[in-house]
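Source file: start.pdb (PDB, C-alpha atoms)
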```pdb
ATOM      1  CA  CYS U   1      14.077   0.213  -7.787
ATOM      2  CA  ASN U   2      10.972  -1.665  -8.842
ATOM      3  CA  SER U   3       8.837  -4.675  -8.061
ATOM      4  CA  TYR U   4      11.606  -6.975  -9.328
ATOM      5  CA  THR U   5      14.245  -5.695  -6.941
ATOM      6  CA  LEU U   6      12.549  -5.213  -3.598
ATOM      7  CA  SER U   7      10.321  -6.924  -1.098
ATOM      8  CA  TYR U   8       7.147  -5.191  -0.008
ATOM      9  CA  ASN U   9       7.059  -6.533   3.534
ATOM     10  CA  ALA U  10       8.106  -4.285   6.387
ATOM     11  CA  THR U  11      10.755  -6.752   7.572
ATOM     12  CA  ASN U  12      12.874  -6.979   4.416
ATOM     13  CA  GLY U  13      11.637  -4.135   2.225
ATOM     14  CA  PRO U  14      13.494  -1.166   3.740
ATOM     15  CA  ALA U  15      16.768  -3.117   3.782
ATOM     16  CA  ASP U  16      16.262  -4.169   0.148
ATOM     17  CA  ILE U  17      15.798  -0.564  -0.938
ATOM     18  CA  ARG U  18      18.774   0.701   1.003
ATOM     19  CA  ALA U  19      21.014  -2.096  -0.310
ATOM     20  CA  ASN U  20      20.011  -1.449  -3.936
ATOM     21  CA  ILE U  21      20.572   2.279  -3.628
ATOM     22  CA  ARG U  22      23.892   1.786  -1.864
ATOM     23  CA  ARG U  23      25.070  -0.418  -4.753
ATOM     24  CA  VAL U  24      24.122   2.280  -7.265
ATOM     25  CA  ALA U  25      26.205   4.798  -5.317
ATOM     26  CA  GLU U  26      29.139   2.380  -5.053
ATOM     27  CA  HIS U  27      29.139   2.042  -8.845
ATOM     28  CA  ASN U  28      29.212   5.828  -9.349
ATOM     29  CA  GLY U  29      25.542   6.229 -10.188
ATOM     30  CA  THR U  30      24.012   9.663  -9.886
ATOM     31  CA  VAL U  31      20.241   9.103 -10.073
ATOM     32  CA  ILE U  32      17.956   6.349  -8.798
ATOM     33  CA  ALA U  33      14.573   5.865 -10.470
ATOM     34  CA  PHE U  34      11.910   4.500  -8.137
ATOM     35  CA  GLU U  35       8.754   2.897  -9.525
ATOM     36  CA  CYS U  36       5.831   4.431  -7.638
ATOM     37  CA  LEU U  37       2.861   2.631  -9.254
ATOM     38  CA  PRO U  38       3.726  -1.033  -9.811
ATOM     39  CA  GLY U  39       0.600  -2.832 -10.995
ATOM     40  CA  GLY U  40      -1.398   0.372 -10.608
ATOM     41  CA  LYS U  41      -0.999   0.413  -6.824
ATOM     42  CA  ALA U  42       0.894   2.975  -4.796
ATOM     43  CA  CYS U  43       4.366   2.334  -3.428
ATOM     44  CA  TYR U  44       3.921   5.434  -1.281
ATOM     45  CA  ALA U  45       1.391   6.997   1.099
ATOM     46  CA  SER U  46      -1.312   7.802  -1.449
ATOM     47  CA  GLY U  47      -4.696   9.307  -0.829
ATOM     48  CA  ILE U  48      -5.808   8.349  -4.352
ATOM     49  CA  LEU U  49      -4.604   4.805  -5.013
ATOM     50  CA  PRO U  50      -4.689   1.603  -2.989
ATOM     51  CA  LYS U  51      -1.373   1.119  -1.185
ATOM     52  CA  ILE U  52       0.843  -1.918  -1.583
ATOM     53  CA  CYS U  53       2.401  -1.579   1.861
ATOM     54  CA  ALA U  54       0.229  -0.952   4.888
ATOM     55  CA  ASN U  55       2.935  -0.593   7.529
ATOM     56  CA  TRP U  56       5.727   1.319   5.820
ATOM     57  CA  ASP U  57       6.399   3.777   3.013
ATOM     58  CA  PRO U  58       8.782   2.496   0.280
ATOM     59  CA  LEU U  59       9.137   5.861  -1.478
ATOM     60  CA  LYS U  60       9.968   7.630   1.790
ATOM     61  CA  THR U  61      12.666   5.034   2.466
ATOM     62  CA  ALA U  62      14.040   5.407  -1.065
ATOM     63  CA  VAL U  63      14.185   9.202  -0.841
ATOM     64  CA  GLU U  64      16.053   9.036   2.476
ATOM     65  CA  ALA U  65      18.485   6.387   1.213
ATOM     66  CA  ALA U  66      19.170   8.215  -2.045
ATOM     67  CA  HIS U  67      19.996  11.494  -0.346
ATOM     68  CA  GLU U  68      22.078   9.745   2.317
ATOM     69  CA  ASN U  69      24.164   8.348  -0.564
ATOM     70  CA  ASN U  70      24.337  11.694  -2.412
ATOM     71  CA  LEU U  71      22.081  10.482  -5.214
ATOM     72  CA  LYS U  72      19.173  12.246  -6.813
ATOM     73  CA  ILE U  73      15.881  10.388  -6.854
ATOM     74  CA  ALA U  74      13.342  10.238  -9.665
ATOM     75  CA  ALA U  75       9.797   9.211  -8.780
ATOM     76  CA  GLY U  76       8.665   7.043 -11.691
ATOM     77  CA  ILE U  77       5.018   6.940 -12.823
ATOM     78  CA  GLY U  78       3.656   4.623 -15.499
ATOM     79  CA  MET U  79       1.124   6.824 -17.290
ATOM     80  CA  PHE U  80      -2.206   5.747 -18.776
ATOM     81  CA  LEU U  81      -1.828   2.070 -17.820
ATOM     82  CA  ARG U  82      -5.022   0.249 -16.873
ATOM     83  CA  PHE U  83      -4.847  -2.705 -14.471
ATOM     84  CA  ASP U  84      -7.456  -5.227 -13.355
ATOM     85  CA  GLY U  85     -10.218  -3.715 -15.471
ATOM     86  CA  THR U  86     -10.435  -0.569 -13.357
ATOM     87  CA  HIS U  87     -12.460   2.378 -14.642
ATOM     88  CA  PRO U  88     -13.847   0.691 -17.767
ATOM     89  CA  GLU U  89     -15.397   4.008 -18.764
ATOM     90  CA  TRP U  90     -11.850   5.394 -19.194
ATOM     91  CA  ALA U  91     -10.582   2.611 -21.444
ATOM     92  CA  ALA U  92      -8.831   3.527 -24.670
ATOM     93  CA  VAL U  93     -10.575   2.392 -27.866
ATOM     94  CA  ASP U  94      -8.886   1.147 -31.039
ATOM     95  CA  ILE U  95      -9.828   1.800 -34.672
ATOM     96  CA  ASN U  96     -12.208  -1.174 -34.634
ATOM     97  CA  GLY U  97     -14.145   0.296 -31.718
ATOM     98  CA  ASN U  98     -12.794  -2.222 -29.195
ATOM     99  CA  PRO U  99     -11.440  -1.361 -25.733
ATOM    100  CA  VAL U 100      -7.640  -1.538 -25.624
ATOM    101  CA  ALA U 101      -6.472  -3.963 -22.970
ATOM    102  CA  GLY U 102      -4.204  -2.329 -20.431
ATOM    103  CA  TRP U 103      -4.640   1.281 -21.544
ATOM    104  CA  TYR U 104      -6.669   4.276 -20.499
ATOM    105  CA  ASP U 105      -7.625   6.928 -23.037
ATOM    106  CA  ALA U 106      -4.727   9.379 -22.777
ATOM    107  CA  TYR U 107      -6.880  12.206 -24.169
ATOM    108  CA  ASN U 108      -9.750  11.857 -21.704
ATOM    109  CA  PRO U 109      -9.740  14.940 -19.398
ATOM    110  CA  GLU U 110     -10.739  12.766 -16.426
ATOM    111  CA  VAL U 111      -7.798  10.429 -17.028
ATOM    112  CA  GLN U 112      -5.417  13.363 -17.387
ATOM    113  CA  LYS U 113      -6.646  14.918 -14.142
ATOM    114  CA  TYR U 114      -6.347  11.556 -12.376
ATOM    115  CA  TYR U 115      -2.661  11.287 -13.223
ATOM    116  CA  LEU U 116      -1.982  14.950 -12.576
ATOM    117  CA  ASP U 117      -3.445  14.522  -9.088
ATOM    118  CA  ILE U 118      -1.118  11.548  -8.506
ATOM    119  CA  ILE U 119       1.876  13.582  -9.685
ATOM    120  CA  CYS U 120       0.908  16.448  -7.387
ATOM    121  CA  GLU U 121       0.576  14.323  -4.277
ATOM    122  CA  ILE U 122       4.022  12.809  -4.891
ATOM    123  CA  VAL U 123       5.665  16.172  -5.575
ATOM    124  CA  MET U 124       4.088  17.736  -2.491
ATOM    125  CA  GLY U 125       4.540  14.742  -0.214
ATOM    126  CA  TYR U 126       8.164  13.814  -0.864
ATOM    127  CA  ASP U 127      11.547  15.477  -1.249
ATOM    128  CA  ILE U 128      12.112  14.090  -4.737
ATOM    129  CA  ASP U 129      14.425  15.602  -7.353
ATOM    130  CA  ILE U 130      12.722  14.415 -10.538
ATOM    131  CA  ILE U 131       9.269  13.330 -11.705
ATOM    132  CA  TYR U 132       9.829  10.590 -14.270
ATOM    133  CA  LEU U 133       6.931   9.808 -16.633
ATOM    134  CA  ASP U 134       6.987   6.481 -18.444
ATOM    135  CA  TYR U 135       4.358   5.419 -21.016
ATOM    136  CA  ILE U 136       3.567   9.049 -21.803
ATOM    137  CA  ARG U 137       1.891   7.979 -25.033
ATOM    138  CA  PRO U 138      -1.584   6.842 -26.150
ATOM    139  CA  GLY U 139      -0.829   3.310 -27.341
ATOM    140  CA  VAL U 140      -3.159   2.391 -30.200
ATOM    141  CA  GLY U 141      -5.996   4.420 -28.706
ATOM    142  CA  GLY U 142      -7.519   7.665 -29.904
ATOM    143  CA  TYR U 143     -10.928   6.437 -31.089
ATOM    144  CA  THR U 144     -13.247   6.942 -28.132
ATOM    145  CA  ASP U 145     -16.413   8.948 -28.630
ATOM    146  CA  TYR U 146     -14.674  11.854 -26.919
ATOM    147  CA  CYS U 147     -11.660  11.628 -29.263
ATOM    148  CA  ARG U 148     -13.835  11.371 -32.355
ATOM    149  CA  LYS U 149     -15.840  14.426 -31.319
ATOM    150  CA  GLU U 150     -12.728  16.497 -30.591
ATOM    151  CA  PHE U 151     -10.917  15.481 -33.776
ATOM    152  CA  LYS U 152     -13.954  16.171 -35.926
ATOM    153  CA  LYS U 153     -14.436  19.549 -34.242
ATOM    154  CA  LYS U 154     -10.923  20.594 -35.256
ATOM    155  CA  TYR U 155     -10.429  18.885 -38.616
ATOM    156  CA  GLY U 156     -13.912  17.983 -39.846
ATOM    157  CA  LYS U 157     -12.972  14.312 -40.219
ATOM    158  CA  ASP U 158     -13.675  10.998 -38.504
ATOM    159  CA  GLN U 159     -10.520   9.074 -37.607
ATOM    160  CA  MET U 160     -12.447   5.836 -37.975
ATOM    161  CA  GLU U 161     -12.745   6.672 -41.672
ATOM    162  CA  VAL U 162      -9.383   8.285 -42.469
ATOM    163  CA  GLY U 163      -7.331   5.770 -40.455
ATOM    164  CA  PRO U 164      -4.261   6.027 -38.207
ATOM    165  CA  TYR U 165      -1.866   7.441 -40.834
ATOM    166  CA  ASP U 166      -3.906  10.496 -41.744
ATOM    167  CA  PRO U 167      -1.503  13.446 -41.260
ATOM    168  CA  ASP U 168      -4.073  15.516 -39.388
ATOM    169  CA  PHE U 169      -4.862  12.644 -37.053
ATOM    170  CA  ILE U 170      -1.174  12.047 -36.371
ATOM    171  CA  LYS U 171      -0.751  15.727 -35.560
ATOM    172  CA  TRP U 172      -3.866  15.752 -33.359
ATOM    173  CA  ARG U 173      -2.611  12.778 -31.357
ATOM    174  CA  LYS U 174       0.906  14.176 -30.971
ATOM    175  CA  ASP U 175      -0.326  17.630 -30.028
ATOM    176  CA  GLY U 176      -2.687  16.196 -27.423
ATOM    177  CA  ILE U 177       0.147  14.429 -25.606
ATOM    178  CA  THR U 178       2.397  17.485 -25.909
ATOM    179  CA  GLU U 179      -0.207  19.858 -24.476
ATOM    180  CA  TYR U 180      -0.789  17.540 -21.535
ATOM    181  CA  LEU U 181       2.943  17.277 -20.894
ATOM    182  CA  LYS U 182       3.172  21.089 -20.901
ATOM    183  CA  GLU U 183       0.368  21.197 -18.318
ATOM    184  CA  VAL U 184       2.240  18.706 -16.135
ATOM    185  CA  ARG U 185       5.422  20.779 -16.350
ATOM    186  CA  LYS U 186       3.598  24.009 -15.488
ATOM    187  CA  THR U 187       1.908  22.357 -12.505
ATOM    188  CA  VAL U 188       5.101  20.784 -11.144
ATOM    189  CA  GLN U 189       7.042  24.041 -11.474
ATOM    190  CA  ALA U 190       4.305  25.923  -9.632
ATOM    191  CA  LEU U 191       4.456  23.445  -6.765
ATOM    192  CA  LYS U 192       8.233  22.989  -6.543
ATOM    193  CA  PRO U 193      10.365  24.860  -9.102
ATOM    194  CA  ASN U 194      13.440  22.780  -8.263
ATOM    195  CA  VAL U 195      11.814  19.456  -9.267
ATOM    196  CA  LYS U 196      12.805  18.408 -12.794
ATOM    197  CA  LEU U 197      10.517  16.703 -15.304
ATOM    198  CA  MET U 198      11.798  13.620 -17.127
ATOM    199  CA  THR U 199      10.109  11.404 -19.714
ATOM    200  CA  TYR U 200      10.844   8.047 -21.267
ATOM    201  CA  VAL U 201      10.452   8.253 -25.035
ATOM    202  CA  TRP U 202      10.795   5.857 -27.925
ATOM    203  CA  GLY U 203      13.949   6.376 -29.934
ATOM    204  CA  MET U 204      14.600   5.007 -33.422
ATOM    205  CA  TYR U 205      11.004   3.795 -33.646
ATOM    206  CA  ASN U 206       9.485   7.206 -33.022
ATOM    207  CA  THR U 207       9.030   8.031 -36.707
ATOM    208  CA  LYS U 208       6.391  10.322 -38.181
ATOM    209  CA  GLU U 209       3.992   7.402 -38.508
ATOM    210  CA  SER U 210       4.843   5.884 -35.125
ATOM    211  CA  ARG U 211       2.094   4.947 -32.743
ATOM    212  CA  ALA U 212       4.224   6.377 -29.923
ATOM    213  CA  MET U 213       2.940   9.866 -30.802
ATOM    214  CA  GLN U 214       5.731  11.537 -28.845
ATOM    215  CA  ASP U 215       6.959  14.689 -30.582
ATOM    216  CA  VAL U 216      10.550  14.285 -29.409
ATOM    217  CA  PRO U 217      12.067  17.042 -31.593
ATOM    218  CA  ARG U 218       9.496  19.549 -30.364
ATOM    219  CA  TRP U 219       9.822  18.419 -26.751
ATOM    220  CA  SER U 220      13.566  18.918 -26.990
ATOM    221  CA  LYS U 221      13.433  22.244 -28.806
ATOM    222  CA  GLU U 222      10.942  23.710 -26.341
ATOM    223  CA  ALA U 223      12.545  21.939 -23.341
ATOM    224  CA  ILE U 224       9.136  20.754 -22.202
ATOM    225  CA  PRO U 225      10.708  17.982 -20.131
ATOM    226  CA  ASP U 226      14.104  18.797 -18.636
ATOM    227  CA  LEU U 227      15.341  15.293 -19.420
ATOM    228  CA  MET U 228      14.340  12.587 -21.875
ATOM    229  CA  GLN U 229      15.438   8.983 -21.485
ATOM    230  CA  VAL U 230      15.440   7.656 -25.018
ATOM    231  CA  GLY U 231      14.758   3.983 -25.714
ATOM    232  CA  ASN U 232      17.570   2.742 -27.912
ATOM    233  CA  TYR U 233      17.176  -1.038 -27.935
ATOM    234  CA  ASN U 234      19.231  -2.698 -30.659
ATOM    235  CA  LYS U 235      20.595  -6.109 -31.624
ATOM    236  CA  ASN U 236      24.225  -5.016 -31.807
ATOM    237  CA  PRO U 237      26.486  -2.250 -30.437
ATOM    238  CA  TYR U 238      26.933  -0.677 -33.874
ATOM    239  CA  SER U 239      23.223   0.065 -34.201
ATOM    240  CA  TYR U 240      23.217   1.365 -30.649
ATOM    241  CA  ARG U 241      26.090   3.721 -31.445
ATOM    242  CA  ALA U 242      24.371   4.951 -34.607
ATOM    243  CA  GLY U 243      21.124   5.535 -32.744
ATOM    244  CA  SER U 244      22.938   7.465 -30.031
ATOM    245  CA  HIS U 245      24.682   9.706 -32.564
ATOM    246  CA  ALA U 246      21.318  10.351 -34.259
ATOM    247  CA  LEU U 247      20.057  11.942 -31.053
ATOM    248  CA  ALA U 248      22.433  14.850 -31.685
ATOM    249  CA  ALA U 249      20.321  15.776 -34.704
ATOM    250  CA  ILE U 250      17.262  16.085 -32.459
ATOM    251  CA  ARG U 251      18.717  17.926 -29.512
ATOM    252  CA  SER U 252      18.688  21.679 -29.767
ATOM    253  CA  GLU U 253      21.341  23.778 -28.074
ATOM    254  CA  ASN U 254      19.044  24.830 -25.245
ATOM    255  CA  GLY U 255      16.715  21.853 -25.307
ATOM    256  CA  ALA U 256      16.155  18.901 -23.021
ATOM    257  CA  ASP U 257      19.039  16.564 -22.222
ATOM    258  CA  LEU U 258      18.650  13.262 -24.096
ATOM    259  CA  ILE U 259      19.866  10.142 -22.314
ATOM    260  CA  PRO U 260      20.104   6.998 -24.492
ATOM    261  CA  ILE U 261      19.251   3.701 -22.832
ATOM    262  CA  MET U 262      21.774   0.902 -23.289
ATOM    263  CA  GLY U 263      19.673  -1.908 -24.704
ATOM    264  CA  VAL U 264      21.881  -4.217 -26.739
ATOM    265  CA  GLY U 265      20.738  -7.798 -27.209
ATOM    266  CA  TYR U 266      20.020 -10.654 -29.558
ATOM    267  CA  VAL U 267      17.178 -13.085 -30.163
ATOM    268  CA  VAL U 268      17.544 -16.851 -29.870
ATOM    269  CA  ALA U 269      14.594 -19.214 -30.386
ATOM    270  CA  ASN U 270      12.126 -16.363 -29.875
ATOM    271  CA  THR U 271      13.654 -15.540 -26.513
ATOM    272  CA  ALA U 272      15.302 -12.140 -26.007
ATOM    273  CA  SER U 273      18.632 -12.316 -24.194
ATOM    274  CA  PHE U 274      20.375  -9.106 -23.302
ATOM    275  CA  GLN U 275      24.081  -8.537 -22.731
TER
END
```
Could you take the file, read its structure, and then write that structure out as structure tokens?
Amino acid sequence: CNSYTLSYNATNGPADIRANIRRVAEHNGTVIAFECLPGGKACYASGILPKICANWDPLKTAVEAAHENNLKIAAGIGMFLRFDGTHPEWAAVDINGNPVAGWYDAYNPEVQKYYLDIICEIVMGYDIDIIYLDYIRPGVGGYTDYCRKEFKKKYGKDQMEVGPYDPDFIKWRKDGITEYLKEVRKTVQALKPNVKLMTYVWGMYNTKESRAMQDVPRWSKEAIPDLMQVGNYNKNPYSYRAGSHALAAIRSENGADLIPIMGVGYVVANTASFQ
């Protein structure tokens, strides 16, 4: 359920959520993912973020409807996304020294605490089954003064000089996201051991040089998230099938479950149409 499939007013919103969740159950679904931070505002009773709905609680309604229909519910959080120019001091910076539109610096301790606090208030406030982290990656950032100081402290280099494909810089960026994800997992398990951790990760594009900086093989091997939803967008079903089979090479016997996304489509006149 997200901002495209529900109304935020108290008259129609609860019915929209219940109808969408009922349809998922009728089609043998098992999990409903609910977007908690559309546009950077809270779709739940937050003490941190401005709320979208003043007179009702969409996440509370979704949790109740999911469990009434014997579905598990994943509370989805878009990580490190910056809306409306908020917190300019937290903005990610690219290799040219420019702020990155739409992104916070994923390595900034204040940013990491901000999102961890949001995760905690959702885990503690709602009977959810899964915390689902989307955008758990740094974008093209990694060049703030803080990042440059930390990278130089460890490797004696300046990423502005060595560039984005320097092996040490790639490792530093990947390790930073991994360590934060481990902190999230530890925190969630301490609060509610039964709540699973799920991440959305890039699939075939998540190569060694990828800007995604998600160490999927390591995450799987160490089972840092319990589940990983793997982006597998392709232009034909054959590529999709090949990409799905390739996931078997990543998954370890005791690692995280990898769930490929069905994203088959084609491009016509610069417009993506999906089937």
Got a sec: who's within 9 Å of Arg22 (chain U), counting only C-alpha atoms, leaving out chain neighbours fewer than 4 positions off, as a short mmCIF file (atom, residue, chain, number, x, y, z; two decimals) with C-alpha atoms, in the frame of the given file?
```cif
data_model
loop_
_atom_site.label_atom_id
_atom_site.label_comp_id
_atom_site.auth_asym_id
_atom_site.auth_seq_id
_atom_site.Cartn_x
_atom_site.Cartn_y
_atom_site.Cartn_z
CA ILE U 17 15.80 -0.56 -0.94
CA ARG U 18 18.77 0.70 1.00
CA GLU U 26 29.14 2.38 -5.05
CA HIS U 27 29.14 2.04 -8.85
CA ALA U 65 18.48 6.39 1.21
CA ALA U 66 19.17 8.22 -2.04
CA ASN U 69 24.16 8.35 -0.56
#
```
Query raised in the report: Pick from U:Glu68, U:Met79, U:Ala91, U:Val201: nearest to Gly231 (chain U), with all atoms listed in the file counted?
Result: U:Val201
Requested in this report: With a distance cut-off of 9 Å and all atoms listed in the file, select the neighbouring residues of Ile118 (chain U), excluding the residue or stretch itself and same-chain residues fewer than 6 positions from it, and output the selection as a list in words.
Outcome: Ser46, Gly47, Ile48, Leu49 and Ile77 of chain U
Write out as lines of an AutoDock Vina configuration file an axis-aligned box for region 75-79 of chain U: all of its atoms listed in the file, 6 Å added on each side, centre and edge lengths in Å with one decimal.
```
center_x = 5.5
center_y = 6.9
center_z = -13.0
size_x = 20.7
size_y = 16.6
size_z = 20.5
```
Query raised in the report: Can you tell me, as a ChimeraX atom specification, what residues are no more than 12 Å from Pro164 (chain U) when counting only C-alpha atoms, ignoring any on the same chain fewer than 3 positions away?
Result: /U:94-96,139-143,158-161,167-173,208-213
Query raised in the report: Please, what distance in Å, to one decimal, runs between CA of Gly29 (chain U) and CA of Lys72 (chain U)?
Result: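 Separating CA of Gly29 (chain U) from CA of Lys72 (chain U) is a distance of 9.4 Å.
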Query - Counting only C-alpha atoms, the residue of U:Val24, U:Ala256, U:Ala75, U:Ile130 that sits nearest Tyr44 (chain U) - result: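 Closest to Tyr44 (chain U), using only C-alpha atoms: U:Ala75.
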**Report entry** Surrounding residues of Tyr146 (chain U) excluding itself and chain neighbours under 5 positions, 12 Å, all atoms listed in the file, as a count of residues only
**Finding:** 17
Report task. Considering all atoms listed in the file, state which residue in the set U:Pro14, U:Gly176, U:Pro58, U:Pro99 is at the smallest distance from Cys36 (chain U). Result -> U:Pro58
Can you sort out region 100-124 of chain U so it carries N, CA and C atoms, written as a compact mmCIF listing (two decimals), keeping the file's coordinate frame?
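The result, stored in selection27.txt:
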```txt
# COMPACT_ATOMS: atom_id res chain seq x y z
N VAL U 100 -9.04 -1.11 -25.56
CA VAL U 100 -7.64 -1.54 -25.62
C VAL U 100 -7.23 -2.08 -24.26
N ALA U 101 -6.87 -3.35 -24.23
CA ALA U 101 -6.47 -3.96 -22.97
C ALA U 101 -5.25 -3.25 -22.39
N GLY U 102 -5.35 -2.88 -21.13
CA GLY U 102 -4.20 -2.33 -20.43
C GLY U 102 -3.98 -0.83 -20.59
N TRP U 103 -4.86 -0.14 -21.31
CA TRP U 103 -4.64 1.28 -21.54
C TRP U 103 -5.89 2.11 -21.24
N TYR U 104 -5.65 3.24 -20.59
CA TYR U 104 -6.67 4.28 -20.50
C TYR U 104 -6.57 5.19 -21.72
N ASP U 105 -7.64 5.94 -21.96
CA ASP U 105 -7.62 6.93 -23.04
C ASP U 105 -6.81 8.13 -22.58
N ALA U 106 -5.65 8.32 -23.19
CA ALA U 106 -4.73 9.38 -22.78
C ALA U 106 -5.29 10.77 -23.02
N TYR U 107 -6.33 10.89 -23.83
CA TYR U 107 -6.88 12.21 -24.17
C TYR U 107 -8.11 12.57 -23.33
N ASN U 108 -8.59 11.63 -22.54
CA ASN U 108 -9.75 11.86 -21.70
C ASN U 108 -9.38 12.83 -20.58
N PRO U 109 -10.08 13.97 -20.45
CA PRO U 109 -9.74 14.94 -19.40
C PRO U 109 -9.78 14.35 -17.99
N GLU U 110 -10.68 13.39 -17.75
CA GLU U 110 -10.74 12.77 -16.43
C GLU U 110 -9.50 11.93 -16.17
N VAL U 111 -9.02 11.23 -17.17
CA VAL U 111 -7.80 10.43 -17.03
C VAL U 111 -6.60 11.35 -16.78
N GLN U 112 -6.53 12.43 -17.54
CA GLN U 112 -5.42 13.36 -17.39
C GLN U 112 -5.41 13.99 -16.00
N LYS U 113 -6.57 14.35 -15.49
CA LYS U 113 -6.65 14.92 -14.14
C LYS U 113 -6.25 13.89 -13.10
N TYR U 114 -6.68 12.65 -13.30
CA TYR U 114 -6.35 11.56 -12.38
C TYR U 114 -4.83 11.44 -12.20
N TYR U 115 -4.11 11.42 -13.31
CA TYR U 115 -2.66 11.29 -13.22
C TYR U 115 -2.00 12.56 -12.73
N LEU U 116 -2.55 13.70 -13.08
CA LEU U 116 -1.98 14.95 -12.58
C LEU U 116 -2.14 15.03 -11.06
N ASP U 117 -3.25 14.55 -10.54
CA ASP U 117 -3.44 14.52 -9.09
C ASP U 117 -2.42 13.61 -8.42
N ILE U 118 -2.13 12.47 -9.05
CA ILE U 118 -1.12 11.55 -8.51
C ILE U 118 0.25 12.22 -8.50
N ILE U 119 0.60 12.87 -9.60
CA ILE U 119 1.88 13.58 -9.68
C ILE U 119 1.97 14.63 -8.58
N CYS U 120 0.90 15.38 -8.39
CA CYS U 120 0.91 16.45 -7.39
C CYS U 120 1.10 15.91 -5.97
N GLU U 121 0.44 14.81 -5.65
CA GLU U 121 0.58 14.32 -4.28
C GLU U 121 1.98 13.77 -4.02
N ILE U 122 2.65 13.27 -5.06
CA ILE U 122 4.02 12.81 -4.89
C ILE U 122 4.97 14.00 -4.76
N VAL U 123 4.80 14.99 -5.63
CA VAL U 123 5.66 16.17 -5.58
C VAL U 123 5.53 16.88 -4.24
N MET U 124 4.32 17.02 -3.74
CA MET U 124 4.09 17.74 -2.49
C MET U 124 4.44 16.91 -1.26
```
